[in-house]
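Asks: my_file-v1.pdb is the file, holding PDB, C-alpha atoms:
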```pdb
ATOM      1  CA  MET A   1      76.055  84.172 114.052
ATOM      2  CA  GLU A   2      78.979  83.636 111.726
ATOM      3  CA  ILE A   3      80.531  86.652 110.045
ATOM      4  CA  ILE A   4      83.853  87.936 108.887
ATOM      5  CA  VAL A   5      84.758  91.425 110.060
ATOM      6  CA  ARG A   6      87.295  93.093 107.794
ATOM      7  CA  PHE A   7      89.368  95.999 109.045
ATOM      8  CA  LYS A   8      91.314  98.100 106.529
ATOM      9  CA  PHE A   9      93.793 100.604 107.917
ATOM     10  CA  LYS A  10      94.719 103.848 106.173
ATOM     11  CA  GLY A  11      98.247 105.183 105.835
ATOM     12  CA  GLN A  12     101.196 103.102 107.017
ATOM     13  CA  PRO A  13     100.058 101.243 110.136
ATOM     14  CA  ASP A  14     102.599  99.566 112.387
ATOM     15  CA  PRO A  15     101.870  95.840 111.880
ATOM     16  CA  GLU A  16     103.210  94.943 115.332
ATOM     17  CA  ALA A  17     100.991  97.536 117.018
ATOM     18  CA  VAL A  18      97.922  96.357 115.087
ATOM     19  CA  GLU A  19      98.588  92.736 116.040
ATOM     20  CA  ALA A  20      99.182  93.762 119.664
ATOM     21  CA  ASP A  21      95.764  95.445 119.637
ATOM     22  CA  VAL A  22      94.144  92.254 118.302
ATOM     23  CA  ALA A  23      95.850  90.244 121.054
ATOM     24  CA  LEU A  24      94.684  92.741 123.675
ATOM     25  CA  ALA A  25      91.110  92.603 122.357
ATOM     26  CA  ILE A  26      91.126  88.809 122.518
ATOM     27  CA  PHE A  27      92.560  88.905 126.039
ATOM     28  CA  ALA A  28      89.863  91.364 127.163
ATOM     29  CA  ALA A  29      87.136  89.120 125.716
ATOM     30  CA  GLU A  30      88.723  86.147 127.522
ATOM     31  CA  CYS A  31      88.414  88.045 130.810
ATOM     32  CA  VAL A  32      84.646  88.163 130.321
ATOM     33  CA  TYR A  33      83.859  84.909 128.475
ATOM     34  CA  GLY A  34      86.787  82.658 129.381
ATOM     35  CA  ARG A  35      89.641  81.517 127.179
ATOM     36  CA  PRO A  36      88.035  78.321 125.800
ATOM     37  CA  ARG A  37      84.913  80.082 124.571
ATOM     38  CA  VAL A  38      86.834  82.941 122.962
ATOM     39  CA  ARG A  39      89.187  80.462 121.273
ATOM     40  CA  MET A  40      86.192  78.603 119.834
ATOM     41  CA  GLU A  41      84.424  81.748 118.654
ATOM     42  CA  THR A  42      87.259  83.962 117.381
ATOM     43  CA  SER A  43      90.173  83.775 114.989
ATOM     44  CA  TYR A  44      92.008  86.416 113.007
ATOM     45  CA  LEU A  45      94.477  86.870 110.201
ATOM     46  CA  MET A  46      96.499  89.921 109.226
ATOM     47  CA  ASP A  47      98.144  90.945 105.998
ATOM     48  CA  ASP A  48     101.921  91.049 106.311
ATOM     49  CA  ASP A  49     102.010  94.840 105.887
ATOM     50  CA  GLY A  50      99.421  95.384 108.638
ATOM     51  CA  LYS A  51      97.026  97.248 106.346
ATOM     52  CA  ALA A  52      94.206  94.732 106.731
ATOM     53  CA  CYS A  53      92.968  92.308 109.320
ATOM     54  CA  VAL A  54      90.025  89.935 109.253
ATOM     55  CA  VAL A  55      88.334  88.597 112.349
ATOM     56  CA  ASP A  56      86.255  85.437 112.065
ATOM     57  CA  VAL A  57      83.348  85.828 114.494
ATOM     58  CA  ARG A  58      81.402  82.731 115.504
ATOM     59  CA  GLY A  59      79.420  83.859 118.543
ATOM     60  CA  GLU A  60      78.936  86.433 121.268
ATOM     61  CA  ALA A  61      82.494  86.122 122.600
ATOM     62  CA  GLY A  62      83.921  86.545 119.100
ATOM     63  CA  GLU A  63      81.737  89.579 118.530
ATOM     64  CA  ALA A  64      83.006  91.086 121.787
ATOM     65  CA  ALA A  65      86.623  90.601 120.674
ATOM     66  CA  ALA A  66      85.882  92.274 117.317
ATOM     67  CA  ARG A  67      84.122  95.202 119.011
ATOM     68  CA  ILE A  68      86.994  95.692 121.448
ATOM     69  CA  PHE A  69      89.474  95.613 118.569
ATOM     70  CA  ALA A  70      87.406  98.254 116.742
ATOM     71  CA  GLY A  71      87.585 100.458 119.834
ATOM     72  CA  LEU A  72      91.334  99.992 120.122
ATOM     73  CA  ALA A  73      91.772 100.791 116.415
ATOM     74  CA  ALA A  74      89.744 103.984 116.859
ATOM     75  CA  ALA A  75      91.824 104.971 119.891
ATOM     76  CA  ARG A  76      95.109 104.342 118.057
ATOM     77  CA  LEU A  77      94.229 105.620 114.570
ATOM     78  CA  GLY A  78      91.205 107.883 115.058
ATOM     79  CA  GLU A  79      87.679 107.282 113.821
ATOM     80  CA  HIS A  80      88.702 107.965 110.214
ATOM     81  CA  GLY A  81      91.972 106.006 110.315
ATOM     82  CA  TYR A  82      90.349 102.698 109.447
ATOM     83  CA  GLU A  83      87.344 101.132 107.767
ATOM     84  CA  VAL A  84      85.413  98.185 109.100
ATOM     85  CA  ARG A  85      82.972  96.019 107.224
ATOM     86  CA  GLN A  86      80.992  92.944 108.159
ATOM     87  CA  LEU A  87      80.738  90.262 105.517
ATOM     88  CA  PRO A  88      78.667  87.099 105.596
ATOM     89  CA  LYS A  89      80.907  84.084 105.939
ATOM     90  CA  ALA A  90      79.886  82.818 102.503
ATOM     91  CA  VAL A  91      81.491  85.883 100.834
ATOM     92  CA  ALA A  92      84.954  85.174 102.212
ATOM     93  CA  THR A  93      87.502  83.208 100.272
ATOM     94  CA  PRO A  94      89.720  80.879 102.304
ATOM     95  CA  LEU A  95      92.228  82.518 104.623
ATOM     96  CA  THR A  96      95.703  81.861 103.311
ATOM     97  CA  PRO A  97      99.160  82.210 104.852
ATOM     98  CA  GLY A  98     100.682  85.614 104.221
ATOM     99  CA  GLY A  99      97.386  87.461 104.224
ATOM    100  CA  SER A 100      93.702  87.154 103.640
ATOM    101  CA  ARG A 101      91.863  87.782 100.456
ATOM    102  CA  LEU A 102      88.242  88.761 100.696
ATOM    103  CA  GLU A 103      86.174  89.404  97.633
ATOM    104  CA  GLU A 104      83.860  92.374  97.475
ATOM    105  CA  PRO A 105      80.195  91.318  97.399
TER     106      PRO A 105
END
```
So that I can check it, write out the structure of this file as structure tokens.
Replies:
Amino acid sequence: MEIIVRFKFKGQPDPEAVEADVALAIFAAECVYGRPRVRMETSYLMDDDGKACVVDVRGEAGEAAARIFAGLAAARLGEHGYEVRQLPKAVATPLTPGGSRLEEP
């Protein structure tokens, strides 16, 4: 399984809080799957303003990290405070410094 999970946050999210939630989700997945596996199966990139985050999922451990992050986003922002969409890896354009750019399919 290789997918990109794109999170878009509504309003004015706190970029530091969003990134802290990603770090916590990755840590939680590491507790279950171990750090090496999570590092091999997960990466992420955030826009500078914190309004979007993409998670590159390459296996079960990566999927767990993305699911945990979705739960943390719902707890922080509410169920309607963000949108999440799974995209096949082929749809994504390269991740670039300063933010990601994903094309709509």
Asks: Between A:Gly71, A:Gly78, A:Pro13, A:Gly62, which residue has the minimum interatomic distance to Asp47 (chain A), considering only C-alpha atoms?
Replies: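 Among A:Gly71, A:Gly78, A:Pro13, A:Gly62, it is A:Pro13 that comes nearest to Asp47 (chain A).
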Asks: So that I can see what lies close to Ala23 (chain A), please list as a list in words the residues with an atom at most 10 Å from it, counting only C-alpha atoms and leaving out residues fewer than 5 positions away in the same chain.
Replies: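 Contacts, with the query itself left out: Ala17, Val18, Ala28, Ala29, Tyr44, Ala65 and Phe69 of chain A.
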Asks: Keeping C-alpha atoms, export the residues of the selection given above as a PDB file, in the frame of the given file.
Replies:
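Full text of selection.pdb as output:
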```pdb
ATOM      1  CA  ALA A  17     100.991  97.536 117.018  1.00  0.00           C
ATOM      2  CA  VAL A  18      97.922  96.357 115.087  1.00  0.00           C
ATOM      3  CA  ALA A  28      89.863  91.364 127.163  1.00  0.00           C
ATOM      4  CA  ALA A  29      87.136  89.120 125.716  1.00  0.00           C
ATOM      5  CA  TYR A  44      92.008  86.416 113.007  1.00  0.00           C
ATOM      6  CA  ALA A  65      86.623  90.601 120.674  1.00  0.00           C
ATOM      7  CA  PHE A  69      89.474  95.613 118.569  1.00  0.00           C
TER       8      PHE A  69
END
```
Asks: Between A:Glu2, A:Glu30, A:Asp14, A:Asp21, single out the one closest to Ala73 (chain A), counting all atoms listed in the file.
Replies: A:Asp21
Asks: So how many Å separate CA of Gly34 (chain A) and CA of Ala52 (chain A), to one decimal?
Replies: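 Value for the CA of Gly34 (chain A)-CA of Ala52 (chain A) distance: 26.7 Å.
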Asks: How many Å lie between CA of Ala74 (chain A) and CA of Gly59 (chain A), rounded to one decimal?
Replies: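 Between these atoms lies a distance of 22.7 Å.
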Asks: Can you tell me how far CA of Met1 (chain A) sits from CA of Glu19 (chain A), in Å to one decimal?
Replies: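 Going from CA of Met1 (chain A) over to CA of Glu19 (chain A), I get 24.2 Å.
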Asks: Could you tell me which residues the PyMOL selection byres ((chain A and resi 41) around 12) returns for this structure, as JSON, numbers by chain?
Replies: {"A": [1, 2, 3, 4, 26, 29, 30, 33, 34, 35, 36, 37, 38, 39, 40, 42, 43, 44, 55, 56, 57, 58, 59, 60, 61, 62, 63, 64, 65, 66]}
Asks: Taking all atoms listed in the file into account, name the residue in A:Ala70, A:Met46, A:Cys31, A:Leu87 that is nearest to Pro15 (chain A).
Replies: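 When distances to Pro15 (chain A) are compared using all atoms listed in the file, the smallest one comes from A:Met46.
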Asks: Centre and edge lengths of an axis-aligned box around all listed atoms of region 49-61 of chain A, with 6 Å added on each side, are to be given in Å to one decimal, as AutoDock Vina command-line options.
Replies:
```
--center_x 90.5 --center_y 90.0 --center_z 114.2 --size_x 35.1 --size_y 26.5 --size_z 28.7
```
Asks: Which one of A:Asp49, A:Phe9, A:Ile68, A:Pro88 sits closest to Phe27 (chain A) if you count only C-alpha atoms?
Replies: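 Residue with the minimum atom-to-atom distance to Phe27 (chain A): A:Ile68.
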Asks: Hey, can you pull every residue with an atom no more than 6 Å from (90.6, 101.3, 110.7), using all atoms listed in the file, and send it as a VMD selection string?
Replies: chain A and resid 7 to 9 73 81 to 83
Asks: Taking only C-alpha atoms into account, name the residue in A:Val22, A:Glu79, A:Arg85, A:Glu16 that is nearest to Leu45 (chain A).
Replies: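 Going through A:Val22, A:Glu79, A:Arg85, A:Glu16 one by one, the smallest distance to Leu45 (chain A) is for A:Val22.
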